[in-house]
Amino acid sequence: MIKRPFFGLARPSLKHPVVVNREQDSVEEIPLPQKVTLFLSPHIKIDDIILRAGDKVITGQRLKLTGDGKDYLISTATGTITGISEYTGYLGQTCQAVSIEAAGDDQWDDEFNERGKTTSPENALEFFNYLPGNPDFQSLLSFQPPVNTIIINGIDKDLLIATNQLVFKTETESLIEGIEHLKKITRASSLFITVPSDLTAEAEKTGVPVHAVNPVYPNILPEIITKNILGRAVPPGKRCEEMGVGFINAEAVVSLTRAFAEGKIPVDKIVTVINKDYIPVNIRARIGTPVKDILKALNIETEHGDQIVLGGPMTGTAIYSEDMPVSPDTDAIMVLDKKRIVLGSGSHCINCGECVRACPARVPVNMLVRLLENGLYEEAAEQYDLLSCIECGLCSYVCVARIPVFHYIMLGKYEFSRIQSAEESNA
Ligand code: SF4
Ligand code: SF4
């Protein structure tokens, strides 16, 4: 495998709209939908799920999915399970979805209040898997050697999104409290906060060291933060956690505060909704709310040919149905006017080199894409640095031939991991 030094570059200057102005401070509440849909991790097989259609559930209830009780989700409504179905998502991955018909008013589950309200790693693993902001406590707590540095994201990973900036701007007191919970749960020896310079004053109130990030994409990606702030280069194919560095979103930290203060696991998510005019609005919706309910509440109409994307413009993924729900990690919903969509092409690479110049990880993208187009995933990893990619999407953005390079790369990584897993299980 080729190993290249980090960051060479002539990247396009794409700025985050990081200043959360007064108008953007407000958050519109989306009503509880009639039905919530909760997605499960792809590794859970439908035959192993012990939940059944007809089961009654209440809000905040920890729903054990399998007999050993290790996998669970948190019910985000009070009502009845109406179905458990298989769903094919991005890259052809199969996962399961649990649908709950909401009965109306919430009845809250007591389990967390009665036995989960101490800040222990065990309780974090047992109750916080489905928290808004999607904290990955499994990674923060389970790596060996342990994660000893945690970075709190106060700036969102993709462009046009302002979810975590909004939290920093409007919920500073909750953040301060949540950071104390986070310290007790993880016992990490050092914490840092990353924010755009506009929010440095708010961030400094927390008492945690603050790093103001130049809000130019993709400066906020974990590998770049790890390199720029901590001086540690993440080797190809490795995760930041393997270097002792973990990340958590500001929204997840505030969710900890709410959980401990109220004795209830929070079940609603802040989402930046970007309409066809690119003007963002912030909403708060129940996790599991279908996209169509959010668009309806905001009076956003779509026409045949428009595109809906979950996530931001650089790394988001288009969805094929407005029934798709908000998940704990859904930071943005973008509605793209069909007139403005730049479609991918069936053209071949013309070897212009724009992608190579833009790539922050110095991947030879022009060569890599040739192998990926032909399904040569192992060769792509071994010869052309597939695993060095830090998933910024800039190569697709600059590609003059409009090749969907980023999606080829994501597919390549996914298929390569499947090949490796199959080899390991056959060994
Ligand atoms: S997505 Fe493309 S530009 Fe970004 S790191 Fe990966 S190969 Fe490089
Ligand atoms: S930008 Fe597109 S056309 Fe140019 S070298 Fe890269 S993949 Fe090929």
# chains A, B, ... in the order shown; residues from 1 in each chain; ligands from 1

call {"tool": "residues_around", "arguments": {"residues": "segment 328-340 of chain A", "least_positions_apart": "4", "cutoff": "6 Å", "atoms": "only C-alpha atoms", "output": "tab-separated table (two decimals) with C-alpha atoms, in the first residue's frame"}}
result
chain	number	residue	atom	x	y	z
A	132	PRO	CA	-29.32	13.17	19.06
A	133	GLY	CA	-25.97	14.09	17.52
A	134	ASN	CA	-25.03	10.40	17.31
A	271	VAL	CA	-31.63	19.61	11.54
A	272	THR	CA	-30.64	22.32	9.07
A	273	VAL	CA	-33.10	22.28	6.19
A	274	ILE	CA	-31.78	23.88	3.00
A	275	ASN	CA	-34.49	24.77	0.53
A	276	LYS	CA	-34.13	25.22	-3.22
A	305	GLY	CA	-37.03	15.53	-10.87
A	306	ASP	CA	-36.04	17.52	-7.77
A	307	GLN	CA	-33.54	15.83	-5.51
A	308	ILE	CA	-33.57	15.41	-1.73
A	309	VAL	CA	-30.25	14.87	-0.03
A	310	LEU	CA	-29.61	13.86	3.56
A	311	GLY	CA	-26.46	15.67	4.64

call {"tool": "closest_atom_pairs", "arguments": {"of": "chain A", "to": "ligand 2", "cutoff": "8 Å", "atoms": "only C-alpha atoms and all ligand atoms", "output": "tab-separated table"}}
result
residue	atom	partner	partner_atom_place_in_ligand_line	distance
A:His348	CA	ligand 2	3 (S)	7.0
A:Cys349	CA	ligand 2	8 (Fe)	3.7
A:Ile350	CA	ligand 2	3 (S)	4.4
A:Asn351	CA	ligand 2	5 (S)	3.7
A:Cys352	CA	ligand 2	4 (Fe)	4.0
A:Gly353	CA	ligand 2	5 (S)	4.0
A:Glu354	CA	ligand 2	1 (S)	4.4
A:Cys355	CA	ligand 2	1 (S)	4.2
A:Val356	CA	ligand 2	6 (Fe)	6.4
A:Val365	CA	ligand 2	6 (Fe)	6.0
A:Asn366	CA	ligand 2	5 (S)	4.3
A:Met367	CA	ligand 2	5 (S)	7.9
A:Val369	CA	ligand 2	7 (S)	6.3
A:Cys395	CA	ligand 2	1 (S)	6.4
A:Ser396	CA	ligand 2	2 (Fe)	7.3
A:Val398	CA	ligand 2	1 (S)	5.9
A:Cys399	CA	ligand 2	1 (S)	3.5
A:Val400	CA	ligand 2	3 (S)	5.4
A:Ala401	CA	ligand 2	3 (S)	4.7
A:Arg402	CA	ligand 2	2 (Fe)	6.6
A:Ile403	CA	ligand 2	2 (Fe)	6.0
A:Val405	CA	ligand 2	7 (S)	6.5

call {"tool": "write_last_selection", "arguments": {"atoms": "C-alpha atoms", "output": "PDB file, in the first residue's frame"}}
result
ATOM      1  CA  HIS A 348     -14.369   8.822 -19.066  1.00  0.00           C
ATOM      2  CA  CYS A 349     -11.595  10.497 -17.152  1.00  0.00           C
ATOM      3  CA  ILE A 350      -9.656  12.937 -19.335  1.00  0.00           C
ATOM      4  CA  ASN A 351      -6.714  12.938 -16.942  1.00  0.00           C
ATOM      5  CA  CYS A 352      -6.890  16.666 -16.286  1.00  0.00           C
ATOM      6  CA  GLY A 353      -5.526  16.210 -12.753  1.00  0.00           C
ATOM      7  CA  GLU A 354      -7.982  18.594 -11.073  1.00  0.00           C
ATOM      8  CA  CYS A 355      -8.990  15.922  -8.559  1.00  0.00           C
ATOM      9  CA  VAL A 356      -5.375  15.185  -7.663  1.00  0.00           C
ATOM     10  CA  VAL A 365      -7.543  10.014  -7.786  1.00  0.00           C
ATOM     11  CA  ASN A 366      -7.154  10.007 -11.561  1.00  0.00           C
ATOM     12  CA  MET A 367      -5.612   6.524 -11.404  1.00  0.00           C
ATOM     13  CA  VAL A 369     -11.019   6.032 -10.381  1.00  0.00           C
ATOM     14  CA  CYS A 395     -12.632  15.176  -6.153  1.00  0.00           C
ATOM     15  CA  SER A 396     -16.239  14.891  -7.311  1.00  0.00           C
ATOM     16  CA  VAL A 398     -13.885  19.549  -9.185  1.00  0.00           C
ATOM     17  CA  CYS A 399     -14.176  16.742 -11.748  1.00  0.00           C
ATOM     18  CA  VAL A 400     -14.591  18.362 -15.153  1.00  0.00           C
ATOM     19  CA  ALA A 401     -15.867  15.099 -16.642  1.00  0.00           C
ATOM     20  CA  ARG A 402     -18.585  14.976 -13.926  1.00  0.00           C
ATOM     21  CA  ILE A 403     -17.625  11.479 -12.906  1.00  0.00           C
ATOM     22  CA  VAL A 405     -15.714   9.968  -8.113  1.00  0.00           C
TER      23      VAL A 405
END

call {"tool": "select_by_dssp", "arguments": {"residues": "segment 18-180 of chain A", "states": "strand (DSSP E or B)", "output": "JSON, numbers by chain"}}
result
{"A": [27, 28, 29, 35, 36, 37, 38, 39, 56, 57, 59, 62, 63, 64, 72, 73, 74, 79, 80, 81, 82, 83, 84, 85, 86, 87, 88, 94, 95, 96, 97, 98, 99, 100, 101, 102, 108, 149, 150, 151, 152, 153]}

call {"tool": "residues_near_ligand", "arguments": {"ligand": "ligand 1", "cutoff": "6 Å", "atoms": "only C-alpha atoms and all ligand atoms", "output": "list in words"}}
result
Ala358, Cys359, Pro360, Ala361, Val363, Val365, Cys389, Ile390, Glu391, Cys392, Gly393, Leu394, Cys395 and Phe406 of chain A

call {"tool": "residues_around", "arguments": {"residues": "Ile270 of chain A", "least_positions_apart": "6", "cutoff": "8 Å", "atoms": "only C-alpha atoms", "output": "list in words"}}
result
Val27, Pro132, Thr163, Asn282, Ile283, Arg284, Ala285 and Asp331 of chain A

call {"tool": "residues_around", "arguments": {"residues": "Phe112 of chain A", "least_positions_apart": "4", "cutoff": "7 Å", "atoms": "only C-alpha atoms", "output": "list in words"}}
result
Gly116, Lys117, Gly263 and Lys264 of chain A

call {"tool": "write_last_selection", "arguments": {"atoms": "N, CA and C atoms", "output": "short mmCIF file (atom, residue, chain, number, x, y, z; two decimals), in the first residue's frame"}}
result
data_model
loop_
_atom_site.label_atom_id
_atom_site.label_comp_id
_atom_site.auth_asym_id
_atom_site.auth_seq_id
_atom_site.Cartn_x
_atom_site.Cartn_y
_atom_site.Cartn_z
N GLY A 116 -30.18 4.56 35.29
CA GLY A 116 -29.14 4.93 34.31
C GLY A 116 -28.50 6.27 34.56
N LYS A 117 -28.92 6.99 35.62
CA LYS A 117 -28.53 8.38 35.74
C LYS A 117 -27.19 8.62 36.45
N GLY A 263 -33.91 13.24 33.35
CA GLY A 263 -34.13 11.82 33.59
C GLY A 263 -34.80 11.13 32.42
N LYS A 264 -34.68 11.71 31.25
CA LYS A 264 -35.27 11.15 30.02
C LYS A 264 -34.23 11.22 28.92
#

call {"tool": "atom_distance", "arguments": {"atom1": "atom CA of Pro313 of chain A", "atom2": "atom CA of Ala252 of chain A"}}
result
22.5 Å

call {"tool": "select_by_dssp", "arguments": {"residues": "segment 221-292 of chain A", "states": "helix (DSSP H, G or I)", "output": "list in words"}}
result
Pro222, Glu223, Ile224, Ile225, Thr226, Lys227, Asn228, Ile229, Leu230, Cys240, Glu241, Glu242, Met243, Ala250, Glu251, Ala252, Val253, Val254, Ser255, Leu256, Thr257, Arg258, Ala259, Phe260, Ala261, Glu262, Val291 and Lys292 of chain A

call {"tool": "write_last_selection", "arguments": {"atoms": "N, CA and C atoms", "output": "PDB file, in the first residue's frame"}}
result
ATOM      1  N   PRO A 222     -12.167  14.969  10.636  1.00  0.00           N
ATOM      2  CA  PRO A 222     -11.400  14.482  11.793  1.00  0.00           C
ATOM      3  C   PRO A 222      -9.911  14.274  11.521  1.00  0.00           C
ATOM      4  N   GLU A 223      -9.579  13.731  10.359  1.00  0.00           N
ATOM      5  CA  GLU A 223      -8.156  13.464  10.083  1.00  0.00           C
ATOM      6  C   GLU A 223      -7.367  14.765   9.988  1.00  0.00           C
ATOM      7  N   ILE A 224      -7.989  15.790   9.444  1.00  0.00           N
ATOM      8  CA  ILE A 224      -7.287  17.068   9.293  1.00  0.00           C
ATOM      9  C   ILE A 224      -7.157  17.768  10.649  1.00  0.00           C
ATOM     10  N   ILE A 225      -8.230  17.695  11.448  1.00  0.00           N
ATOM     11  CA  ILE A 225      -8.161  18.255  12.805  1.00  0.00           C
ATOM     12  C   ILE A 225      -7.063  17.548  13.606  1.00  0.00           C
ATOM     13  N   THR A 226      -7.040  16.219  13.515  1.00  0.00           N
ATOM     14  CA  THR A 226      -6.043  15.444  14.273  1.00  0.00           C
ATOM     15  C   THR A 226      -4.626  15.842  13.867  1.00  0.00           C
ATOM     16  N   LYS A 227      -4.454  16.096  12.587  1.00  0.00           N
ATOM     17  CA  LYS A 227      -3.128  16.496  12.110  1.00  0.00           C
ATOM     18  C   LYS A 227      -2.806  17.940  12.506  1.00  0.00           C
ATOM     19  N   ASN A 228      -3.754  18.831  12.270  1.00  0.00           N
ATOM     20  CA  ASN A 228      -3.463  20.254  12.472  1.00  0.00           C
ATOM     21  C   ASN A 228      -3.387  20.649  13.942  1.00  0.00           C
ATOM     22  N   ILE A 229      -4.255  20.050  14.771  1.00  0.00           N
ATOM     23  CA  ILE A 229      -4.283  20.465  16.179  1.00  0.00           C
ATOM     24  C   ILE A 229      -3.327  19.634  17.017  1.00  0.00           C
ATOM     25  N   LEU A 230      -3.301  18.334  16.751  1.00  0.00           N
ATOM     26  CA  LEU A 230      -2.518  17.456  17.625  1.00  0.00           C
ATOM     27  C   LEU A 230      -1.205  17.002  16.994  1.00  0.00           C
ATOM     28  N   CYS A 240      -9.115   7.696  13.652  1.00  0.00           N
ATOM     29  CA  CYS A 240      -8.522   8.626  14.623  1.00  0.00           C
ATOM     30  C   CYS A 240      -8.497   8.002  16.009  1.00  0.00           C
ATOM     31  N   GLU A 241      -9.534   7.209  16.326  1.00  0.00           N
ATOM     32  CA  GLU A 241      -9.610   6.591  17.658  1.00  0.00           C
ATOM     33  C   GLU A 241      -8.421   5.674  17.909  1.00  0.00           C
ATOM     34  N   GLU A 242      -7.897   5.084  16.855  1.00  0.00           N
ATOM     35  CA  GLU A 242      -6.716   4.220  17.026  1.00  0.00           C
ATOM     36  C   GLU A 242      -5.481   5.048  17.360  1.00  0.00           C
ATOM     37  N   MET A 243      -5.560   6.360  17.118  1.00  0.00           N
ATOM     38  CA  MET A 243      -4.469   7.264  17.508  1.00  0.00           C
ATOM     39  C   MET A 243      -4.778   7.917  18.849  1.00  0.00           C
ATOM     40  N   ALA A 250     -21.224  18.869  19.324  1.00  0.00           N
ATOM     41  CA  ALA A 250     -21.754  19.707  20.409  1.00  0.00           C
ATOM     42  C   ALA A 250     -23.194  19.313  20.735  1.00  0.00           C
ATOM     43  N   GLU A 251     -23.971  18.954  19.724  1.00  0.00           N
ATOM     44  CA  GLU A 251     -25.364  18.583  19.982  1.00  0.00           C
ATOM     45  C   GLU A 251     -25.447  17.353  20.890  1.00  0.00           C
ATOM     46  N   ALA A 252     -24.536  16.408  20.706  1.00  0.00           N
ATOM     47  CA  ALA A 252     -24.548  15.214  21.550  1.00  0.00           C
ATOM     48  C   ALA A 252     -24.180  15.564  22.997  1.00  0.00           C
ATOM     49  N   VAL A 253     -23.267  16.514  23.158  1.00  0.00           N
ATOM     50  CA  VAL A 253     -22.861  16.913  24.511  1.00  0.00           C
ATOM     51  C   VAL A 253     -24.051  17.558  25.240  1.00  0.00           C
ATOM     52  N   VAL A 254     -24.767  18.411  24.532  1.00  0.00           N
ATOM     53  CA  VAL A 254     -25.955  19.038  25.119  1.00  0.00           C
ATOM     54  C   VAL A 254     -27.035  17.985  25.409  1.00  0.00           C
ATOM     55  N   SER A 255     -27.111  16.968  24.584  1.00  0.00           N
ATOM     56  CA  SER A 255     -28.089  15.896  24.832  1.00  0.00           C
ATOM     57  C   SER A 255     -27.793  15.171  26.140  1.00  0.00           C
ATOM     58  N   LEU A 256     -26.505  15.056  26.487  1.00  0.00           N
ATOM     59  CA  LEU A 256     -26.158  14.447  27.781  1.00  0.00           C
ATOM     60  C   LEU A 256     -26.736  15.281  28.920  1.00  0.00           C
ATOM     61  N   THR A 257     -26.576  16.598  28.811  1.00  0.00           N
ATOM     62  CA  THR A 257     -27.113  17.483  29.851  1.00  0.00           C
ATOM     63  C   THR A 257     -28.611  17.272  30.012  1.00  0.00           C
ATOM     64  N   ARG A 258     -29.309  17.235  28.887  1.00  0.00           N
ATOM     65  CA  ARG A 258     -30.776  17.071  28.947  1.00  0.00           C
ATOM     66  C   ARG A 258     -31.141  15.727  29.563  1.00  0.00           C
ATOM     67  N   ALA A 259     -30.409  14.691  29.193  1.00  0.00           N
ATOM     68  CA  ALA A 259     -30.731  13.361  29.723  1.00  0.00           C
ATOM     69  C   ALA A 259     -30.610  13.346  31.244  1.00  0.00           C
ATOM     70  N   PHE A 260     -29.501  13.867  31.753  1.00  0.00           N
ATOM     71  CA  PHE A 260     -29.283  13.808  33.206  1.00  0.00           C
ATOM     72  C   PHE A 260     -30.184  14.783  33.954  1.00  0.00           C
ATOM     73  N   ALA A 261     -30.464  15.943  33.360  1.00  0.00           N
ATOM     74  CA  ALA A 261     -31.306  16.929  34.046  1.00  0.00           C
ATOM     75  C   ALA A 261     -32.759  16.474  34.103  1.00  0.00           C
ATOM     76  N   GLU A 262     -33.239  15.853  33.025  1.00  0.00           N
ATOM     77  CA  GLU A 262     -34.669  15.519  32.954  1.00  0.00           C
ATOM     78  C   GLU A 262     -34.958  14.060  33.297  1.00  0.00           C
ATOM     79  N   VAL A 291     -39.105  12.582   6.164  1.00  0.00           N
ATOM     80  CA  VAL A 291     -38.730  13.845   5.510  1.00  0.00           C
ATOM     81  C   VAL A 291     -39.972  14.565   4.988  1.00  0.00           C
ATOM     82  N   LYS A 292     -40.955  13.802   4.489  1.00  0.00           N
ATOM     83  CA  LYS A 292     -42.131  14.454   3.887  1.00  0.00           C
ATOM     84  C   LYS A 292     -42.890  15.287   4.925  1.00  0.00           C
TER      85      LYS A 292
END

call {"tool": "closest_atom_pairs", "arguments": {"of": "segment 293-388 of chain A", "to": "segment 37-58 of chain A", "cutoff": "8 Å", "atoms": "only C-alpha atoms", "output": "JSON lines"}}
result
{"residue": "A:Met324", "atom": "CA", "partner": "A:Thr37", "partner_atom": "CA", "distance": 7.9}
{"residue": "A:Pro325", "atom": "CA", "partner": "A:Thr37", "partner_atom": "CA", "distance": 6.0}
{"residue": "A:Ser327", "atom": "CA", "partner": "A:Leu38", "partner_atom": "CA", "distance": 7.2}

call {"tool": "atom_distance", "arguments": {"atom1": "atom CA of Ile265 of chain A", "atom2": "atom CA of Lys157 of chain A"}}
result
24.8 Å

call {"tool": "residues_around", "arguments": {"residues": "Pro31 of chain A", "least_positions_apart": "4", "cutoff": "10 Å", "atoms": "only C-alpha atoms", "output": "list in words"}}
result
Arg284, Ala285, Arg286, Thr289, Asp293, Ile294 and Ala297 of chain A

call {"tool": "write_last_selection", "arguments": {"atoms": "C-alpha atoms", "output": "PDB file, in the first residue's frame"}}
result
ATOM      1  CA  ARG A 284     -36.233  20.378  15.728  1.00  0.00           C
ATOM      2  CA  ALA A 285     -37.941  17.099  14.829  1.00  0.00           C
ATOM      3  CA  ARG A 286     -38.590  13.805  16.546  1.00  0.00           C
ATOM      4  CA  THR A 289     -39.893  11.763  11.481  1.00  0.00           C
ATOM      5  CA  ASP A 293     -43.611  15.600   7.220  1.00  0.00           C
ATOM      6  CA  ILE A 294     -40.788  18.107   7.665  1.00  0.00           C
ATOM      7  CA  ALA A 297     -44.481  21.648   7.939  1.00  0.00           C
TER       8      ALA A 297
END

call {"tool": "closest_residue", "arguments": {"among": "A:Ile152, A:Ile287, A:Val281, A:Glu171", "to": "Ile300 of chain A", "atoms": "only C-alpha atoms"}}
result
A:Val281
